[in-house]
Amino acid sequence: MAMIRVEPVEVRVRADWFDGRPREVTLHGRRLRVLDVLGVRDESAAFPVVTGPRTLFEIETADARLQLAFRHRSRRWTIEGIESHEGYRAA
């Protein structure tokens with residue numbers, strides 16, 4: 001299965017105090033514990049002026065693999081991609 005790009009959906013994320021990596025995601029009222037951070041992409045050097053810099057995290061939860069974006073200027077988290085494991089419905 002491949003990562004599906006979605007319209008950015010704002011989510012609630014609890015991040016580690018020291019390194020800023022996500023530890024827990026709340027999506028549609030459901031808490032998902034982050035099992036692993038698979039990748040981090042810092043887009044601080046090249047970013048659109050309108051949106052500002054962002055950092056992308058690809059994370060693994062028990063139910064799905066998510067691509068999270070942290071927008072530094074607005075200090076908001078969004079989901080930009082999702083790959084569901086069997087039995088999990090994103091909506």
# chains A, B, ... in the order shown; residues from 1 in each chain; ligands from 1
call {"tool": "residues_around", "arguments": {"residues": "A:Arg71", "least_positions_apart": "2", "cutoff": "10 Å", "atoms": "only C-alpha atoms", "output": "PyMOL selection string"}}
result
chain A and resi 43-44+51-56+68-69+73-78
call {"tool": "select_by_dssp", "arguments": {"residues": "stretch 11-90 of chain A", "states": "strand (DSSP E)", "output": "PyMOL selection string"}}
result
chain A and resi 12-15+22-27+30-42+54-61+64-71+76-84
call {"tool": "residues_around", "arguments": {"residues": "A:Glu58", "least_positions_apart": "6", "cutoff": "9 Å", "atoms": "only C-alpha atoms", "output": "PyMOL selection string"}}
result
chain A and resi 36-41+65-69+81
call {"tool": "atom_distance", "arguments": {"atom1": "atom CA of A:Gly29", "atom2": "atom CA of A:Phe70"}}
result
19.5 Å
